[in-house]
>>> print(open('protein-v7.pdb').read())   # PDB, C-alpha atoms
MODEL        1
ATOM      1  CA  MET A  22      18.588   7.228  -0.495
ATOM      2  CA  LYS A  23      15.623   9.246   0.691
ATOM      3  CA  LYS A  24      14.374   9.672  -2.913
ATOM      4  CA  ILE A  25      14.541   5.917  -3.533
ATOM      5  CA  PHE A  26      12.555   5.248  -0.371
ATOM      6  CA  LEU A  27       9.891   7.823  -1.287
ATOM      7  CA  PHE A  28       9.658   6.481  -4.857
ATOM      8  CA  SER A  29       9.275   2.934  -3.538
ATOM      9  CA  LEU A  30       6.589   4.010  -1.073
ATOM     10  CA  VAL A  31       4.603   5.896  -3.739
ATOM     11  CA  PHE A  32       4.903   2.950  -6.147
ATOM     12  CA  LEU A  33       3.696   0.528  -3.463
ATOM     13  CA  VAL A  34       0.712   2.671  -2.458
ATOM     14  CA  PHE A  35      -0.494   3.421  -5.991
ATOM     15  CA  GLY A  36       0.374  -0.051  -7.282
ATOM     16  CA  CYS A  37      -1.959  -1.652  -4.746
ATOM     17  CA  LYS A  38      -4.928   0.171  -6.257
ATOM     18  CA  PHE A  39      -5.142  -2.391  -9.059
ATOM     19  CA  TYR A  40      -3.855  -5.479  -7.244
ATOM     20  CA  SER A  41      -4.662  -7.017  -3.900
ATOM     21  CA  PHE A  42      -2.787  -9.588  -1.884
ATOM     22  CA  THR A  43      -5.602 -12.088  -2.511
ATOM     23  CA  GLY A  44      -4.596 -12.364  -6.145
ATOM     24  CA  ALA A  45      -7.360 -10.111  -7.408
ATOM     25  CA  SER A  46      -6.604  -7.967 -10.386
ATOM     26  CA  ILE A  47      -8.966  -5.048  -9.976
ATOM     27  CA  PRO A  48      -9.940  -3.703 -13.405
ATOM     28  CA  GLU A  49      -8.540  -0.292 -14.195
ATOM     29  CA  ASN A  50     -10.937   2.578 -13.431
ATOM     30  CA  ALA A  51     -13.017   0.343 -11.135
ATOM     31  CA  GLU A  52     -13.631   1.952  -7.772
ATOM     32  CA  THR A  53     -17.069   0.644  -6.817
ATOM     33  CA  VAL A  54     -18.824  -2.700  -6.749
ATOM     34  CA  GLN A  55     -22.556  -3.346  -6.710
ATOM     35  CA  VAL A  56     -24.105  -6.637  -5.595
ATOM     36  CA  ASN A  57     -27.777  -6.853  -6.506
ATOM     37  CA  LEU A  58     -30.072  -9.209  -4.620
ATOM     38  CA  PHE A  59     -29.722 -12.755  -5.967
ATOM     39  CA  VAL A  60     -33.347 -13.737  -6.612
ATOM     40  CA  ASN A  61     -34.376 -17.103  -5.194
ATOM     41  CA  ASP A  62     -35.860 -18.990  -8.156
ATOM     42  CA  ALA A  63     -35.012 -22.439  -6.777
ATOM     43  CA  ALA A  64     -38.665 -23.465  -6.524
ATOM     44  CA  ASN A  65     -38.946 -23.230 -10.327
ATOM     45  CA  SER A  66     -36.536 -26.151 -10.792
ATOM     46  CA  ILE A  67     -38.009 -29.666 -10.633
ATOM     47  CA  GLY A  68     -36.978 -31.419  -7.425
ATOM     48  CA  SER A  69     -35.659 -28.216  -5.912
ATOM     49  CA  THR A  70     -37.174 -26.409  -2.930
ATOM     50  CA  PHE A  71     -37.530 -22.786  -1.876
ATOM     51  CA  GLU A  72     -35.466 -21.875   1.199
ATOM     52  CA  PRO A  73     -36.633 -18.578   2.738
ATOM     53  CA  GLY A  74     -33.863 -16.025   3.293
ATOM     54  CA  LEU A  75     -31.402 -17.783   1.001
ATOM     55  CA  ASP A  76     -31.401 -14.833  -1.410
ATOM     56  CA  ARG A  77     -30.451 -12.381   1.343
ATOM     57  CA  ASP A  78     -27.845 -14.688   2.879
ATOM     58  CA  PHE A  79     -26.064 -15.398  -0.405
ATOM     59  CA  THR A  80     -26.114 -11.734  -1.432
ATOM     60  CA  ASN A  81     -24.555 -10.807   1.930
ATOM     61  CA  ALA A  82     -21.901 -13.526   1.527
ATOM     62  CA  MET A  83     -20.999 -12.204  -1.942
ATOM     63  CA  GLN A  84     -20.723  -8.657  -0.578
ATOM     64  CA  GLU A  85     -18.489  -9.845   2.277
ATOM     65  CA  VAL A  86     -16.040 -11.552  -0.092
ATOM     66  CA  LEU A  87     -15.747  -8.452  -2.270
ATOM     67  CA  ILE A  88     -15.353  -6.101   0.703
ATOM     68  CA  ASN A  89     -12.787  -8.318   2.427
ATOM     69  CA  GLN A  90     -10.706  -9.230  -0.623
ATOM     70  CA  THR A  91     -10.662  -5.962  -2.578
ATOM     71  CA  ASN A  92     -10.377  -2.262  -1.909
ATOM     72  CA  LEU A  93     -13.549  -1.546  -3.893
ATOM     73  CA  GLU A  94     -16.300   0.518  -2.312
ATOM     74  CA  LEU A  95     -19.684  -1.200  -2.042
ATOM     75  CA  THR A  96     -22.477   0.828  -3.634
ATOM     76  CA  GLY A  97     -26.201   0.312  -4.112
ATOM     77  CA  ALA A  98     -26.367   1.693  -7.665
ATOM     78  CA  ASN A  99     -24.185   2.563 -10.655
ATOM     79  CA  GLY A 100     -21.299   0.317  -9.626
ATOM     80  CA  ASP A 101     -18.273  -0.064 -11.878
ATOM     81  CA  LEU A 102     -18.521  -3.817 -11.319
ATOM     82  CA  ILE A 103     -21.941  -5.435 -10.915
ATOM     83  CA  TYR A 104     -22.817  -8.911  -9.623
ATOM     84  CA  GLU A 105     -26.353 -10.223  -9.962
ATOM     85  CA  GLY A 106     -28.212 -13.429 -10.684
ATOM     86  CA  GLU A 107     -30.531 -16.121  -9.431
ATOM     87  CA  ILE A 108     -30.438 -19.058  -7.064
ATOM     88  CA  THR A 109     -31.590 -21.789  -9.435
ATOM     89  CA  GLU A 110     -31.315 -24.937  -7.309
ATOM     90  CA  TYR A 111     -31.632 -25.907  -3.646
ATOM     91  CA  ARG A 112     -31.881 -29.674  -3.556
ATOM     92  CA  VAL A 113     -31.346 -32.504  -1.068
ATOM     93  CA  THR A 114     -30.608 -35.893  -2.624
ATOM     94  CA  PRO A 115     -29.423 -39.240  -1.242
ATOM     95  CA  THR A 116     -25.820 -40.002  -2.218
ATOM     96  CA  THR A 117     -25.147 -43.447  -0.812
ATOM     97  CA  ALA A 118     -27.458 -46.334  -0.018
ATOM     98  CA  THR A 119     -27.492 -49.021   2.638
ATOM     99  CA  ALA A 120     -28.222 -52.719   2.101
ATOM    100  CA  GLN A 121     -31.795 -51.946   3.136
ATOM    101  CA  GLN A 122     -32.149 -49.563   0.167
ATOM    102  CA  THR A 123     -32.259 -46.437   2.350
ATOM    103  CA  ALA A 124     -30.032 -43.373   2.211
ATOM    104  CA  ALA A 125     -26.863 -43.517   4.294
ATOM    105  CA  GLN A 126     -25.835 -39.998   3.380
ATOM    106  CA  ASN A 127     -27.591 -36.962   1.922
ATOM    107  CA  ARG A 128     -26.279 -34.089  -0.166
ATOM    108  CA  LEU A 129     -27.491 -30.497  -0.199
ATOM    109  CA  THR A 130     -26.668 -28.862  -3.544
ATOM    110  CA  VAL A 131     -26.998 -25.152  -4.258
ATOM    111  CA  THR A 132     -26.626 -23.743  -7.779
ATOM    112  CA  ILE A 133     -26.427 -20.038  -8.526
ATOM    113  CA  ASN A 134     -26.510 -18.335 -11.909
ATOM    114  CA  VAL A 135     -24.214 -15.280 -11.786
ATOM    115  CA  ARG A 136     -23.954 -12.341 -14.143
ATOM    116  CA  TYR A 137     -20.796 -10.255 -13.806
ATOM    117  CA  ILE A 138     -20.790  -6.874 -15.523
ATOM    118  CA  ASN A 139     -17.742  -4.651 -15.834
ATOM    119  CA  THR A 140     -19.207  -1.330 -16.964
ATOM    120  CA  ASN A 141     -15.773  -0.141 -18.123
ATOM    121  CA  ASN A 142     -14.859  -3.220 -20.176
ATOM    122  CA  GLU A 143     -17.607  -5.361 -21.706
ATOM    123  CA  GLU A 144     -15.090  -8.061 -22.700
ATOM    124  CA  ASP A 145     -14.862  -9.091 -19.030
ATOM    125  CA  ASN A 146     -18.633  -9.667 -18.691
ATOM    126  CA  PHE A 147     -19.913 -13.208 -18.209
ATOM    127  CA  GLU A 148     -22.911 -15.256 -17.161
ATOM    128  CA  LYS A 149     -22.148 -18.599 -15.577
ATOM    129  CA  ARG A 150     -23.610 -21.158 -13.158
ATOM    130  CA  PHE A 151     -21.721 -21.996  -9.988
ATOM    131  CA  SER A 152     -22.614 -24.937  -7.796
ATOM    132  CA  HIS A 153     -21.389 -26.633  -4.647
ATOM    133  CA  PHE A 154     -22.670 -29.251  -2.226
ATOM    134  CA  TYR A 155     -22.563 -30.290   1.412
ATOM    135  CA  ASP A 156     -22.839 -33.943   2.465
ATOM    136  CA  PHE A 157     -24.452 -34.912   5.765
ATOM    137  CA  PRO A 158     -25.449 -38.220   7.395
ATOM    138  CA  ASP A 159     -28.934 -39.637   6.949
ATOM    139  CA  THR A 160     -29.390 -39.489  10.713
ATOM    140  CA  ALA A 161     -29.202 -35.673  10.632
ATOM    141  CA  GLN A 162     -32.050 -33.430   9.597
ATOM    142  CA  LEU A 163     -31.276 -30.631   7.133
ATOM    143  CA  GLN A 164     -32.453 -28.106   9.717
ATOM    144  CA  SER A 165     -29.688 -29.190  12.127
ATOM    145  CA  VAL A 166     -26.859 -28.865   9.575
ATOM    146  CA  LYS A 167     -28.256 -25.995   7.502
ATOM    147  CA  SER A 168     -26.147 -23.211   9.031
ATOM    148  CA  ASN A 169     -22.841 -25.048   8.518
ATOM    149  CA  ALA A 170     -23.942 -26.259   5.093
ATOM    150  CA  HIS A 171     -24.839 -22.762   3.912
ATOM    151  CA  ASP A 172     -21.580 -21.315   5.267
ATOM    152  CA  GLU A 173     -19.478 -23.923   3.462
ATOM    153  CA  ILE A 174     -21.440 -23.786   0.214
ATOM    154  CA  PHE A 175     -21.511 -19.980   0.120
ATOM    155  CA  GLU A 176     -17.802 -19.744   0.901
ATOM    156  CA  ARG A 177     -16.964 -22.040  -1.994
ATOM    157  CA  ILE A 178     -19.331 -20.470  -4.526
ATOM    158  CA  THR A 179     -18.442 -16.861  -3.663
ATOM    159  CA  GLN A 180     -14.740 -17.684  -3.903
ATOM    160  CA  ASP A 181     -15.303 -19.354  -7.280
ATOM    161  CA  VAL A 182     -17.199 -16.271  -8.519
ATOM    162  CA  PHE A 183     -14.450 -14.006  -7.176
ATOM    163  CA  ASN A 184     -11.749 -16.066  -8.881
ATOM    164  CA  GLN A 185     -13.639 -16.111 -12.188
ATOM    165  CA  SER A 186     -14.335 -12.380 -12.209
ATOM    166  CA  LEU A 187     -11.338 -10.751 -10.538
ATOM    167  CA  ALA A 188      -8.567 -13.310 -10.173
ATOM    168  CA  LYS A 189      -9.185 -14.581 -13.739
ATOM    169  CA  TRP A 190      -8.626 -18.219 -12.722
TER     170      TRP A 190
ENDMDL
END
>>> encode(input="protein-v7.pdb", output="C-alpha coordinates")
Amino acid sequence: MKKIFLFSLVFLVFGCKFYSFTGASIPENAETVQVNLFVNDAANSIGSTFEPGLDRDFTNAMQEVLINQTNLELTGANGDLIYEGEITEYRVTPTTATAQQTAAQNRLTVTINVRYINTNNEEDNFEKRFSHFYDFPDTAQLQSVKSNAHDEIFERITQDVFNQSLAKW
(Lines of atoms letter the chains of each structure in order from A and count residues from 1; the text may use other names and numbers.)
(Lines give C-alpha, C1' and ligand atoms only; values in the text may rest on other atoms or scores of the structure.)
Protein backbone atom coordinates (compact mmCIF):
# COMPACT_ATOMS: atom_id res chain seq x y z
CA MET A 1 0.00 0.00 0.00
CA LYS A 2 2.84 2.34 0.88
CA LYS A 3 4.51 1.69 -2.52
CA ILE A 4 1.30 2.52 -4.39
CA PHE A 5 0.95 5.77 -2.47
CA LEU A 6 4.58 6.77 -3.14
CA PHE A 7 4.26 5.87 -6.84
CA SER A 8 1.07 7.93 -7.10
CA LEU A 9 2.70 10.89 -5.36
CA VAL A 10 5.78 10.79 -7.62
CA PHE A 11 3.58 10.47 -10.73
CA LEU A 12 1.46 13.44 -9.63
CA VAL A 13 4.45 15.67 -8.87
CA PHE A 14 6.38 14.91 -12.07
CA GLY A 15 3.24 14.77 -14.21
CA CYS A 16 2.36 18.35 -13.29
CA LYS A 17 5.59 19.60 -14.85
CA PHE A 18 4.04 19.41 -18.32
CA TYR A 19 0.41 20.13 -17.47
CA SER A 20 -1.26 22.76 -15.34
CA PHE A 21 -4.76 22.90 -13.94
CA THR A 22 -5.54 25.82 -16.28
CA GLY A 23 -5.48 23.50 -19.26
CA ALA A 24 -2.02 24.53 -20.39
CA SER A 25 0.13 21.91 -21.98
CA ILE A 26 3.64 23.11 -21.27
CA PRO A 27 5.95 22.00 -24.09
CA GLU A 28 8.46 19.36 -23.10
CA ASN A 29 11.87 20.76 -22.11
CA ALA A 30 10.38 24.23 -21.55
CA GLU A 31 11.36 25.67 -18.20
CA THR A 32 11.56 29.40 -18.89
CA VAL A 33 9.43 32.00 -20.60
CA GLN A 34 10.53 35.37 -21.94
CA VAL A 35 8.13 38.23 -22.65
CA ASN A 36 9.77 41.00 -24.65
CA LEU A 37 8.36 44.52 -24.56
CA PHE A 38 5.40 44.81 -26.94
CA VAL A 39 6.30 47.90 -28.98
CA ASN A 40 3.54 50.49 -29.29
CA ASP A 41 3.18 51.08 -33.04
CA ALA A 42 -0.48 52.10 -32.83
CA ALA A 43 0.21 55.61 -34.11
CA ASN A 44 1.33 54.13 -37.45
CA SER A 45 -2.19 52.87 -38.19
CA ILE A 46 -4.62 55.34 -39.79
CA GLY A 47 -7.28 56.43 -37.30
CA SER A 48 -5.40 54.92 -34.39
CA THR A 49 -3.77 56.88 -31.58
CA PHE A 50 -0.67 56.44 -29.43
CA GLU A 51 -1.45 55.73 -25.76
CA PRO A 52 1.62 56.29 -23.55
CA GLY A 53 2.49 53.36 -21.28
CA LEU A 54 0.33 50.88 -23.19
CA ASP A 55 3.40 48.87 -24.22
CA ARG A 56 4.53 48.45 -20.61
CA ASP A 57 1.04 47.68 -19.31
CA PHE A 58 0.31 45.01 -21.91
CA THR A 59 3.73 43.40 -21.48
CA ASN A 60 3.14 43.23 -17.71
CA ALA A 61 -0.33 41.73 -18.25
CA MET A 62 1.14 39.04 -20.53
CA GLN A 63 3.81 38.22 -17.95
CA GLU A 64 1.19 37.97 -15.19
CA VAL A 65 -0.90 35.45 -17.15
CA LEU A 66 2.11 33.25 -17.84
CA ILE A 67 3.36 33.42 -14.24
CA ASN A 68 -0.07 32.74 -12.75
CA GLN A 69 -1.16 29.98 -15.13
CA THR A 70 2.07 28.02 -15.63
CA ASN A 71 5.02 26.85 -13.60
CA LEU A 72 7.47 28.42 -16.05
CA GLU A 73 10.17 30.73 -14.74
CA LEU A 74 10.14 34.26 -16.18
CA THR A 75 13.48 35.25 -17.68
CA GLY A 76 14.80 38.34 -19.43
CA ALA A 77 16.81 36.50 -22.10
CA ASN A 78 17.21 33.09 -23.74
CA GLY A 79 13.75 31.85 -22.77
CA ASP A 80 12.54 28.46 -23.96
CA LEU A 81 9.27 30.15 -24.93
CA ILE A 82 9.31 33.73 -26.22
CA TYR A 83 6.41 36.17 -26.63
CA GLU A 84 6.92 39.42 -28.49
CA GLY A 85 5.12 41.73 -30.87
CA GLU A 86 3.56 45.11 -31.47
CA ILE A 87 0.47 47.02 -30.44
CA THR A 88 -0.90 47.86 -33.88
CA GLU A 89 -4.20 49.59 -33.09
CA TYR A 90 -5.66 51.75 -30.32
CA ARG A 91 -8.85 53.24 -31.70
CA VAL A 92 -12.06 54.80 -30.40
CA THR A 93 -15.02 54.63 -32.78
CA PRO A 94 -18.75 55.33 -32.43
CA THR A 95 -20.82 52.13 -32.47
CA THR A 96 -24.41 53.31 -32.29
CA ALA A 97 -26.05 56.55 -33.36
CA THR A 98 -28.92 58.61 -32.03
CA ALA A 99 -31.70 60.21 -34.08
CA GLN A 100 -29.64 63.40 -33.98
CA GLN A 101 -26.79 61.63 -35.82
CA THR A 102 -24.48 61.63 -32.79
CA ALA A 103 -22.78 58.69 -31.11
CA ALA A 104 -24.76 56.98 -28.36
CA GLN A 105 -21.97 54.56 -27.56
CA ASN A 106 -18.24 54.40 -28.26
CA ARG A 107 -15.90 51.45 -28.63
CA LEU A 108 -12.23 51.27 -27.71
CA THR A 109 -10.48 48.60 -29.80
CA VAL A 110 -6.95 47.35 -29.16
CA THR A 111 -5.17 45.05 -31.62
CA ILE A 112 -1.88 43.34 -30.86
CA ASN A 113 0.34 41.39 -33.23
CA VAL A 114 1.95 38.51 -31.29
CA ARG A 115 4.87 36.31 -32.20
CA TYR A 116 5.20 33.11 -30.17
CA ILE A 117 8.50 31.25 -30.44
CA ASN A 118 9.13 27.82 -28.96
CA THR A 119 12.91 27.47 -29.18
CA ASN A 120 12.64 23.70 -28.71
CA ASN A 121 9.98 23.06 -31.36
CA GLU A 122 9.67 25.41 -34.34
CA GLU A 123 6.40 23.76 -35.43
CA ASP A 124 4.64 25.49 -32.52
CA ASN A 125 5.76 28.99 -33.59
CA PHE A 126 3.15 31.45 -34.86
CA GLU A 127 2.50 35.09 -35.61
CA LYS A 128 -1.08 36.23 -35.21
CA ARG A 129 -3.15 39.35 -34.47
CA PHE A 130 -5.38 39.41 -31.42
CA SER A 131 -8.00 42.07 -30.85
CA HIS A 132 -10.67 42.96 -28.33
CA PHE A 133 -12.88 45.94 -27.56
CA TYR A 134 -14.59 47.76 -24.71
CA ASP A 135 -17.86 49.65 -25.22
CA PHE A 136 -18.66 52.75 -23.17
CA PRO A 137 -21.43 55.38 -23.26
CA ASP A 138 -21.01 58.58 -25.24
CA THR A 139 -21.46 60.54 -22.02
CA ALA A 140 -18.21 59.09 -20.63
CA GLN A 141 -14.77 60.29 -21.58
CA LEU A 142 -12.17 57.66 -22.48
CA GLN A 143 -9.98 58.93 -19.65
CA SER A 144 -12.66 58.00 -17.08
CA VAL A 145 -13.12 54.42 -18.34
CA LYS A 146 -9.57 53.75 -19.53
CA SER A 147 -8.41 51.72 -16.52
CA ASN A 148 -11.38 49.33 -16.63
CA ALA A 149 -11.23 49.18 -20.42
CA HIS A 150 -7.54 48.27 -20.45
CA ASP A 151 -8.02 45.64 -17.73
CA GLU A 152 -10.86 43.95 -19.63
CA ILE A 153 -9.19 44.16 -23.03
CA PHE A 154 -5.82 42.92 -21.74
CA GLU A 155 -7.44 40.06 -19.83
CA ARG A 156 -9.21 38.87 -22.96
CA ILE A 157 -6.26 39.25 -25.33
CA THR A 158 -3.70 37.68 -22.97
CA GLN A 159 -6.03 34.74 -22.35
CA ASP A 160 -6.52 34.31 -26.10
CA VAL A 161 -2.74 34.35 -26.64
CA PHE A 162 -2.28 31.87 -23.79
CA ASN A 163 -4.92 29.55 -25.21
CA GLN A 164 -3.43 29.73 -28.71
CA SER A 165 0.13 29.07 -27.57
CA LEU A 166 -0.14 26.74 -24.59
CA ALA A 167 -3.69 25.41 -24.36
CA LYS A 168 -3.77 24.81 -28.15
CA TRP A 169 -7.40 25.98 -28.42
>>> residues_around(input="protein-v7.pdb", residues="stretch 175-185 of chain A", least_positions_apart="4", cutoff="7 Å", atoms="all atoms listed in the file", output="mmCIF file with C-alpha atoms, in the coordinates of the input")
data_model
loop_
_atom_site.group_PDB
_atom_site.id
_atom_site.type_symbol
_atom_site.label_atom_id
_atom_site.label_comp_id
_atom_site.auth_asym_id
_atom_site.auth_seq_id
_atom_site.Cartn_x
_atom_site.Cartn_y
_atom_site.Cartn_z
ATOM 1 C CA PHE A 79 -26.064 -15.398 -0.405
ATOM 2 C CA ALA A 82 -21.901 -13.526 1.527
ATOM 3 C CA MET A 83 -20.999 -12.204 -1.942
ATOM 4 C CA VAL A 86 -16.040 -11.552 -0.092
ATOM 5 C CA PHE A 151 -21.721 -21.996 -9.988
ATOM 6 C CA SER A 152 -22.614 -24.937 -7.796
ATOM 7 C CA HIS A 153 -21.389 -26.633 -4.647
ATOM 8 C CA HIS A 171 -24.839 -22.762 3.912
ATOM 9 C CA LYS A 189 -9.185 -14.581 -13.739
ATOM 10 C CA TRP A 190 -8.626 -18.219 -12.722
#
>>> resolve_selection(input="protein-v7.pdb", expression="the PyMOL selection byres ((chain A and resi 63-65) around 9)", output="list of chain:residue names")
A:Val60, A:Asn61, A:Asp62, A:Ser66, A:Ile67, A:Gly68, A:Ser69, A:Thr70, A:Phe71, A:Glu72, A:Glu107, A:Ile108, A:Thr109, A:Glu110, A:Tyr111, A:Arg112, A:Val131, A:Thr132
>>> atom_distance(input="protein-v7.pdb", atom1="atom CA of A:Gln164", atom2="atom CA of A:Arg128")
13.1 Å
>>> axis_aligned_box(input="protein-v7.pdb", around="stretch 90-105 of chain A", padding_each_side="3 Å", output="lines of an AutoDock Vina configuration file")
center_x = -18.4
center_y = -3.8
center_z = -6.3
size_x = 22.0
size_y = 18.8
size_z = 17.3
>>> resolve_selection(input="protein-v7.pdb", expression="the PyMOL selection byres ((chain A and resi 155) around 6)", output="ChimeraX atom specification")
/A:128-129,154,156,170
>>> closest_residue(input="protein-v7.pdb", among="A:Ser186, A:Thr160, A:Gln84, A:Thr96", to="A:Phe147", atoms="only C-alpha atoms")
A:Ser186
>>> atom_distance(input="protein-v7.pdb", atom1="atom CA of A:Arg136", atom2="atom CA of A:Lys149")
6.7 Å
>>> closest_residue(input="protein-v7.pdb", among="A:Ile133, A:Ala188, A:Ala161, A:Leu102", to="A:Asn146", atoms="only C-alpha atoms")
A:Leu102
>>> atom_distance(input="protein-v7.pdb", atom1="atom CA of A:Leu187", atom2="atom CA of A:Pro48")
7.7 Å
>>> resolve_selection(input="protein-v7.pdb", expression="the PyMOL selection byres ((chain A and resi 91-94) around 7)", output="short mmCIF file (atom, residue, chain, number, x, y, z; two decimals) with C-alpha atoms, in the coordinates of the input")
data_model
loop_
_atom_site.label_atom_id
_atom_site.label_comp_id
_atom_site.auth_asym_id
_atom_site.auth_seq_id
_atom_site.Cartn_x
_atom_site.Cartn_y
_atom_site.Cartn_z
CA SER A 41 -4.66 -7.02 -3.90
CA GLU A 52 -13.63 1.95 -7.77
CA THR A 53 -17.07 0.64 -6.82
CA VAL A 54 -18.82 -2.70 -6.75
CA LEU A 87 -15.75 -8.45 -2.27
CA ILE A 88 -15.35 -6.10 0.70
CA ASN A 89 -12.79 -8.32 2.43
CA GLN A 90 -10.71 -9.23 -0.62
CA LEU A 95 -19.68 -1.20 -2.04
CA THR A 96 -22.48 0.83 -3.63
#
>>> closest_residue(input="protein-v7.pdb", among="A:Ile47, A:Ile138, A:Ile174, A:Leu163", to="A:Tyr104", atoms="only C-alpha atoms")
A:Ile138
>>> build_atoms(input="protein-v7.pdb", residues="stretch 77-99 of chain A", atoms="N, CA and C atoms", output="PDB file, keeping the file's coordinate frame")
ATOM      1  N   ARG A  77     -31.120 -13.373   0.498  1.00  0.00           N
ATOM      2  CA  ARG A  77     -30.451 -12.381   1.343  1.00  0.00           C
ATOM      3  C   ARG A  77     -29.093 -12.894   1.838  1.00  0.00           C
ATOM      4  N   ASP A  78     -29.078 -14.137   2.307  1.00  0.00           N
ATOM      5  CA  ASP A  78     -27.845 -14.688   2.879  1.00  0.00           C
ATOM      6  C   ASP A  78     -26.742 -14.814   1.834  1.00  0.00           C
ATOM      7  N   PHE A  79     -27.093 -15.277   0.633  1.00  0.00           N
ATOM      8  CA  PHE A  79     -26.064 -15.398  -0.405  1.00  0.00           C
ATOM      9  C   PHE A  79     -25.586 -14.022  -0.859  1.00  0.00           C
ATOM     10  N   THR A  80     -26.500 -13.090  -1.028  1.00  0.00           N
ATOM     11  CA  THR A  80     -26.114 -11.734  -1.432  1.00  0.00           C
ATOM     12  C   THR A  80     -25.151 -11.141  -0.413  1.00  0.00           C
ATOM     13  N   ASN A  81     -25.450 -11.308   0.875  1.00  0.00           N
ATOM     14  CA  ASN A  81     -24.555 -10.807   1.930  1.00  0.00           C
ATOM     15  C   ASN A  81     -23.189 -11.488   1.876  1.00  0.00           C
ATOM     16  N   ALA A  82     -23.175 -12.796   1.613  1.00  0.00           N
ATOM     17  CA  ALA A  82     -21.901 -13.526   1.527  1.00  0.00           C
ATOM     18  C   ALA A  82     -21.067 -13.014   0.360  1.00  0.00           C
ATOM     19  N   MET A  83     -21.712 -12.725  -0.769  1.00  0.00           N
ATOM     20  CA  MET A  83     -20.999 -12.204  -1.942  1.00  0.00           C
ATOM     21  C   MET A  83     -20.431 -10.818  -1.640  1.00  0.00           C
ATOM     22  N   GLN A  84     -21.206  -9.989  -0.961  1.00  0.00           N
ATOM     23  CA  GLN A  84     -20.723  -8.657  -0.578  1.00  0.00           C
ATOM     24  C   GLN A  84     -19.523  -8.759   0.352  1.00  0.00           C
ATOM     25  N   GLU A  85     -19.585  -9.668   1.317  1.00  0.00           N
ATOM     26  CA  GLU A  85     -18.489  -9.845   2.277  1.00  0.00           C
ATOM     27  C   GLU A  85     -17.178 -10.212   1.581  1.00  0.00           C
ATOM     28  N   VAL A  86     -17.247 -11.139   0.634  1.00  0.00           N
ATOM     29  CA  VAL A  86     -16.040 -11.552  -0.092  1.00  0.00           C
ATOM     30  C   VAL A  86     -15.426 -10.363  -0.822  1.00  0.00           C
ATOM     31  N   LEU A  87     -16.256  -9.589  -1.494  1.00  0.00           N
ATOM     32  CA  LEU A  87     -15.747  -8.452  -2.270  1.00  0.00           C
ATOM     33  C   LEU A  87     -15.206  -7.344  -1.373  1.00  0.00           C
ATOM     34  N   ILE A  88     -15.839  -7.113  -0.238  1.00  0.00           N
ATOM     35  CA  ILE A  88     -15.353  -6.101   0.703  1.00  0.00           C
ATOM     36  C   ILE A  88     -14.035  -6.547   1.331  1.00  0.00           C
ATOM     37  N   ASN A  89     -13.965  -7.807   1.719  1.00  0.00           N
ATOM     38  CA  ASN A  89     -12.787  -8.318   2.427  1.00  0.00           C
ATOM     39  C   ASN A  89     -11.588  -8.571   1.516  1.00  0.00           C
ATOM     40  N   GLN A  90     -11.819  -8.845   0.240  1.00  0.00           N
ATOM     41  CA  GLN A  90     -10.706  -9.230  -0.623  1.00  0.00           C
ATOM     42  C   GLN A  90     -10.344  -8.188  -1.678  1.00  0.00           C
ATOM     43  N   THR A  91     -11.014  -7.042  -1.657  1.00  0.00           N
ATOM     44  CA  THR A  91     -10.662  -5.962  -2.578  1.00  0.00           C
ATOM     45  C   THR A  91     -10.694  -4.640  -1.820  1.00  0.00           C
ATOM     46  N   ASN A  92     -10.264  -3.602  -2.488  1.00  0.00           N
ATOM     47  CA  ASN A  92     -10.377  -2.262  -1.909  1.00  0.00           C
ATOM     48  C   ASN A  92     -11.498  -1.478  -2.581  1.00  0.00           C
ATOM     49  N   LEU A  93     -12.424  -2.184  -3.231  1.00  0.00           N
ATOM     50  CA  LEU A  93     -13.549  -1.546  -3.893  1.00  0.00           C
ATOM     51  C   LEU A  93     -14.583  -1.093  -2.869  1.00  0.00           C
ATOM     52  N   GLU A  94     -15.254   0.002  -3.185  1.00  0.00           N
ATOM     53  CA  GLU A  94     -16.300   0.518  -2.312  1.00  0.00           C
ATOM     54  C   GLU A  94     -17.635  -0.076  -2.737  1.00  0.00           C
ATOM     55  N   LEU A  95     -18.381  -0.617  -1.771  1.00  0.00           N
ATOM     56  CA  LEU A  95     -19.684  -1.200  -2.042  1.00  0.00           C
ATOM     57  C   LEU A  95     -20.701  -0.084  -2.254  1.00  0.00           C
ATOM     58  N   THR A  96     -21.470  -0.179  -3.326  1.00  0.00           N
ATOM     59  CA  THR A  96     -22.477   0.828  -3.634  1.00  0.00           C
ATOM     60  C   THR A  96     -23.792   0.140  -3.976  1.00  0.00           C
ATOM     61  N   GLY A  97     -24.887   0.881  -3.824  1.00  0.00           N
ATOM     62  CA  GLY A  97     -26.201   0.312  -4.112  1.00  0.00           C
ATOM     63  C   GLY A  97     -26.662   0.515  -5.547  1.00  0.00           C
ATOM     64  N   ALA A  98     -25.972   1.409  -6.286  1.00  0.00           N
ATOM     65  CA  ALA A  98     -26.367   1.693  -7.665  1.00  0.00           C
ATOM     66  C   ALA A  98     -25.173   2.232  -8.441  1.00  0.00           C
ATOM     67  N   ASN A  99     -25.214   2.027  -9.749  1.00  0.00           N
ATOM     68  CA  ASN A  99     -24.185   2.563 -10.655  1.00  0.00           C
ATOM     69  C   ASN A  99     -22.770   2.102 -10.313  1.00  0.00           C
TER      70      ASN A  99
END
